[in-house]
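Report on one structure; see the data block that follows.
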Amino acid sequence: MGFEDMWAALLPVGRDPGAGGYHRFAWTPPELECRDWFLDEARARDLRVERDRNGNLFAWWDTGTDEPGVLTGSHLDSVPGGGAYDGPLGVVSAFAAIDLLRERGARPRRPIGIAAFAEEEGARFGVACLGSRLLSGAITPERARGLRDRDGRTFAEVLAAHGTDPEGIGRDDGLLGRIGCLVELHIEQGRALDVPVGVASAIVPHGRWRFEFTGEGNHAGTTRLEDRRDPMQPFAHMILEARRAAARNGTLTTVGKVQVTPNGVNAIPSAVTAWLDGRGPADDTVRRTVAEVHAAARDAAREHGVSVELAEESYTEVVGFDTALRDRLAATLGGVPVLPTGAGHDAGILASRLPTAMLFVRNPTGVSHAPAESATTDDCLAGVEALAAVLTDLACG
């Protein structure tokens, strides 16, 4: 099955027929269907399937040697209402690249693996790249086990329900030792590329922070303004300050997820939980932005008789991809553009433990995490060719 057939098979899974976006949250039926698709594609190619103890999937083209392998792939989950390409493009392209190598009679001297990392988007349990964070030791098993989804189910409970022992999760040096390098192919999440394929140079600092505003629930029609302890008021100040602080510091801030309790039209809320996404060119500017937003939220909360607490859910400092590997990819592909990205990836998390690099496929709309995310078939096929060339160089040379 070629790239276009595989892509067509995945395209309907988890798609909202009205809005057009995707809802493939970790270990929900659409994402489980994607996992089954992954396993079927691996078995159809006689690849050895490996389910690690952190919920990640791997498919290996073994070579009979103990030499560390070359890993590629990406993830299959999505953000709420996400685009089709973010994640799955890297997995489909990996299978298609192996098909090309086999058609051309390649004989790898190192194993080639395809990964489908778990909960990359963090849409269900709130921590991005959870599978690779566990694998690399970037998050403790204790914290991961206690993460909860919107329905109150813990990560431990969900893992156990799908056949993974939650007591066994955590850093896996044995598996990491079998990976010589990782090359993740991904849709470009912006509009910087003017050619079909590019190479990533670095990931800018980025993180997620949770603001908890706690006030007093009451009746919307009988509670005087001066008697209210309305958490929506300081929350509104927090949103406005996030935009101002980002403009002052040259960063990016987004408040894209909010939970209101009890969420009734005629009820003053008792609590508001809001998540701040912060990114920027340097660690100090991102940290300063968050601190300024927190200070403004505290002042507004005090004015309205509300309490506010801040918790850092995840943070990744600037990640520079392995220079030698990055340059080797660019040279192999004839000097394609090298560009930074503001988006986090599993390759960025694993960069602390092994050489990693990324290939980007052009996105003509520049839109990502939304239905308009796109790539042309010709550019996708160019990405497959590029990945095949890189795998040939790294695993067969």
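Naming works like this for the structure tokens: A, B, ... for the chains as they're shown, residue 1 at the start of each chain, ligands 1 onward in shown order.
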
Fewer than 4 positions away in the same chain doesn't count, so skip those; otherwise give me all residues within 9 Å of Ala296 of chain A, counting only C-alpha atoms, as an NGL selection string. :A and (234 or 237-238 or 241 or 291-292 or 300-301)

Using only N, CA and C atoms, please write the residues we just selected to a file, as a PDB file, in the first residue's frame.
ATOM      1  N   PRO A 234     -10.983  38.377  37.467  1.00  0.00           N
ATOM      2  CA  PRO A 234      -9.522  38.316  37.354  1.00  0.00           C
ATOM      3  C   PRO A 234      -9.050  37.452  36.196  1.00  0.00           C
ATOM      4  N   HIS A 237      -8.809  39.746  33.317  1.00  0.00           N
ATOM      5  CA  HIS A 237      -7.587  40.546  33.424  1.00  0.00           C
ATOM      6  C   HIS A 237      -6.368  39.717  32.992  1.00  0.00           C
ATOM      7  N   MET A 238      -6.365  38.441  33.380  1.00  0.00           N
ATOM      8  CA  MET A 238      -5.244  37.569  33.046  1.00  0.00           C
ATOM      9  C   MET A 238      -5.090  37.415  31.525  1.00  0.00           C
ATOM     10  N   GLU A 241      -3.689  40.686  30.076  1.00  0.00           N
ATOM     11  CA  GLU A 241      -2.284  40.872  30.429  1.00  0.00           C
ATOM     12  C   GLU A 241      -1.390  39.893  29.665  1.00  0.00           C
ATOM     13  N   ALA A 291       5.615  35.386  34.576  1.00  0.00           N
ATOM     14  CA  ALA A 291       5.642  36.062  35.876  1.00  0.00           C
ATOM     15  C   ALA A 291       4.794  37.324  35.852  1.00  0.00           C
ATOM     16  N   GLU A 292       4.845  38.080  34.761  1.00  0.00           N
ATOM     17  CA  GLU A 292       4.057  39.298  34.662  1.00  0.00           C
ATOM     18  C   GLU A 292       2.563  38.999  34.582  1.00  0.00           C
ATOM     19  N   ALA A 300      -5.558  41.398  40.324  1.00  0.00           N
ATOM     20  CA  ALA A 300      -6.982  41.428  39.992  1.00  0.00           C
ATOM     21  C   ALA A 300      -7.778  40.512  40.912  1.00  0.00           C
ATOM     22  N   ALA A 301      -7.205  39.369  41.255  1.00  0.00           N
ATOM     23  CA  ALA A 301      -7.892  38.442  42.159  1.00  0.00           C
ATOM     24  C   ALA A 301      -8.103  39.084  43.526  1.00  0.00           C
TER      25      ALA A 301
END

Could you pull the residues within 7 Å of segment 381-390 of chain A, counting only C-alpha atoms, minus those fewer than 5 positions along the same chain, as a count of residues only? 12

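Among the candidates A:Thr28, A:Thr377, A:Asn56, A:Thr63, the residue lying nearest to Thr164 of chain A is A:Asn56 (atoms considered: only C-alpha atoms).
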
Could you list, as a list in words, every residue within 6 Å of Gly82 of chain A, counting only C-alpha atoms and ignoring same-chain residues fewer than 2 positions away? Gly21, Tyr22, Ser78, Val79, Pro80, His369, Ala370 and Pro371 of chain A

Please give the complete set of residues from segment 231-383 of chain A that DSSP, run on the backbone, assigns to strand (DSSP E), formatted as a ChimeraX atom specification. /A:252-261,267-268,271-279,307-316,319-320,338-341,356-361

For a test of reading the model, state the distance in Å between atom CA of Phe211 of chain A and atom CA of Asp277 of chain A, rounded to one decimal. 11.1 Å

7 Å contact set for Phe3 of chain A, only C-alpha atoms, chain neighbours under 2 positions out, as a list in words: Met1, Asp5, Met6, Trp7, Val92, Ser93 and Ala96 of chain A

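We find atom CA of Ala9 of chain A and atom CA of Ile114 of chain A to be spaced 18.2 Å apart.
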
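Residue nearest Thr140 of chain A, chosen from A:Asp393, A:Glu188, A:Glu33, A:Glu167 and counting only C-alpha atoms: A:Glu167.
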
Which residues are close to Ala372 of chain A, i.e. within 8 Å by only C-alpha atoms, leaving aside same-chain residues fewer than 5 positions away? Reply as number ranges by chain. A: 83, 365, 367

Could those residues be written to a file, using N, CA and C atoms, as a compact mmCIF listing (two decimals), in the first residue's frame?
# COMPACT_ATOMS: atom_id res chain seq x y z
N GLY A 83 -5.72 19.41 12.75
CA GLY A 83 -5.56 19.12 11.34
C GLY A 83 -5.20 17.66 11.10
N THR A 365 -0.77 26.74 3.60
CA THR A 365 -1.66 27.66 4.31
C THR A 365 -0.98 28.29 5.51
N VAL A 367 -1.31 27.17 8.35
CA VAL A 367 -2.21 26.88 9.46
C VAL A 367 -1.89 25.51 10.03

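Counting only C-alpha atoms and comparing A:Asp77, A:Glu157, A:Glu31, A:Glu103, the residue that lies closest to Arg145 of chain A is A:Glu157.
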
Neighbouring residues of Arg45 of chain A were defined as those with any atom within 12 Å, considering only C-alpha atoms; residues of the same chain fewer than 2 positions away were excluded. Please report them as a list in words. Met1, Phe38, Leu39, Asp40, Glu41, Ala42, Arg43, Leu47, Arg48, Val49, Ala59, Trp60, Trp61, Asp62, Phe95, Ala96, Ile98, Asp99, Arg102 and Ile114 of chain A

Any idea what's packed within 10 Å of Val308 of chain A, counting only C-alpha atoms, ignoring anything in its chain fewer than 3 positions away? Could you give it as a compact mmCIF listing (two decimals) with N, CA and C atoms, in the first residue's frame?
# COMPACT_ATOMS: atom_id res chain seq x y z
N PHE A 211 -3.74 28.18 35.62
CA PHE A 211 -4.20 29.18 36.57
C PHE A 211 -5.52 28.70 37.18
N GLU A 212 -5.57 28.66 38.50
CA GLU A 212 -6.79 28.26 39.22
C GLU A 212 -7.35 29.47 39.97
N PHE A 213 -8.48 30.00 39.51
CA PHE A 213 -9.16 31.12 40.16
C PHE A 213 -10.32 30.55 40.97
N THR A 214 -10.36 30.86 42.27
CA THR A 214 -11.42 30.34 43.13
C THR A 214 -12.16 31.49 43.80
N GLY A 215 -13.46 31.56 43.56
CA GLY A 215 -14.28 32.61 44.16
C GLY A 215 -15.46 32.02 44.91
N PRO A 231 -14.74 34.80 39.94
CA PRO A 231 -13.42 34.47 39.41
C PRO A 231 -13.27 34.80 37.93
N PRO A 234 -10.98 38.38 37.47
CA PRO A 234 -9.52 38.32 37.35
C PRO A 234 -9.05 37.45 36.20
N PHE A 235 -9.86 36.46 35.82
CA PHE A 235 -9.50 35.67 34.64
C PHE A 235 -9.46 36.55 33.39
N ALA A 271 -15.47 28.84 40.31
CA ALA A 271 -14.06 28.60 39.97
C ALA A 271 -13.87 28.69 38.46
N VAL A 272 -12.69 29.12 38.09
CA VAL A 272 -12.27 29.14 36.68
C VAL A 272 -10.86 28.56 36.61
N THR A 273 -10.68 27.59 35.74
CA THR A 273 -9.34 27.04 35.47
C THR A 273 -8.98 27.38 34.04
N HIS A 294 1.14 36.36 35.90
CA HIS A 294 0.78 35.89 37.24
C HIS A 294 0.58 37.08 38.18
N ALA A 297 -2.67 38.74 37.47
CA ALA A 297 -3.78 37.90 37.92
C ALA A 297 -3.94 37.99 39.43
N ARG A 298 -2.83 38.02 40.17
CA ARG A 298 -2.89 38.14 41.63
C ARG A 298 -3.52 39.46 42.04
N ASP A 299 -3.10 40.55 41.39
CA ASP A 299 -3.64 41.87 41.73
C ASP A 299 -5.15 41.92 41.48
N ALA A 300 -5.56 41.40 40.32
CA ALA A 300 -6.98 41.43 39.99
C ALA A 300 -7.78 40.51 40.91
N ALA A 301 -7.21 39.37 41.25
CA ALA A 301 -7.89 38.44 42.16
C ALA A 301 -8.10 39.08 43.53
N ARG A 302 -7.09 39.77 44.02
CA ARG A 302 -7.20 40.44 45.32
C ARG A 302 -8.31 41.49 45.28

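Comparing A:Leu359, A:Leu32, A:Ile203, A:Leu182 by their smallest distance to Leu89 of chain A, the closest is A:Leu359 (using only C-alpha atoms).
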
Which residues of segment 221-287 of chain A have any atom within 12 Å of an atom in segment 118-125 of chain A when counting only C-alpha atoms, and what is the closest pair of atoms for each, with the distance in Å to one decimal? Order the rows by chain and rising number and write it as a tab-separated table.
residue	atom	partner	partner_atom	distance
A:Gly256	CA	A:Ala123	CA	11.5
A:Lys257	CA	A:Ala123	CA	10.1
A:Trp275	CA	A:Ala123	CA	11.9

Let's have the selection written as a PDB file, in the first residue's frame, with N, CA and C atoms.
ATOM      1  N   GLY A 256      -6.110  29.011  25.391  1.00  0.00           N
ATOM      2  CA  GLY A 256      -6.985  28.293  24.479  1.00  0.00           C
ATOM      3  C   GLY A 256      -7.862  27.251  25.144  1.00  0.00           C
ATOM      4  N   LYS A 257      -7.706  27.086  26.457  1.00  0.00           N
ATOM      5  CA  LYS A 257      -8.511  26.084  27.169  1.00  0.00           C
ATOM      6  C   LYS A 257      -8.959  26.669  28.501  1.00  0.00           C
ATOM      7  N   TRP A 275      -5.656  27.644  31.078  1.00  0.00           N
ATOM      8  CA  TRP A 275      -4.303  27.216  30.728  1.00  0.00           C
ATOM      9  C   TRP A 275      -3.643  28.253  29.826  1.00  0.00           C
TER      10      TRP A 275
END

In segment 210-359 of chain A, what's helix (DSSP H, G or I) per DSSP? Answer as a PyMOL selection string? chain A and resi 225-227+232-249+283-303+323-332+346-350

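Compared by their closest atoms to Ile187 of chain A, and using only C-alpha atoms, the residues A:His206, A:Arg171, A:His75, A:Arg150 rank with A:His75 nearest.
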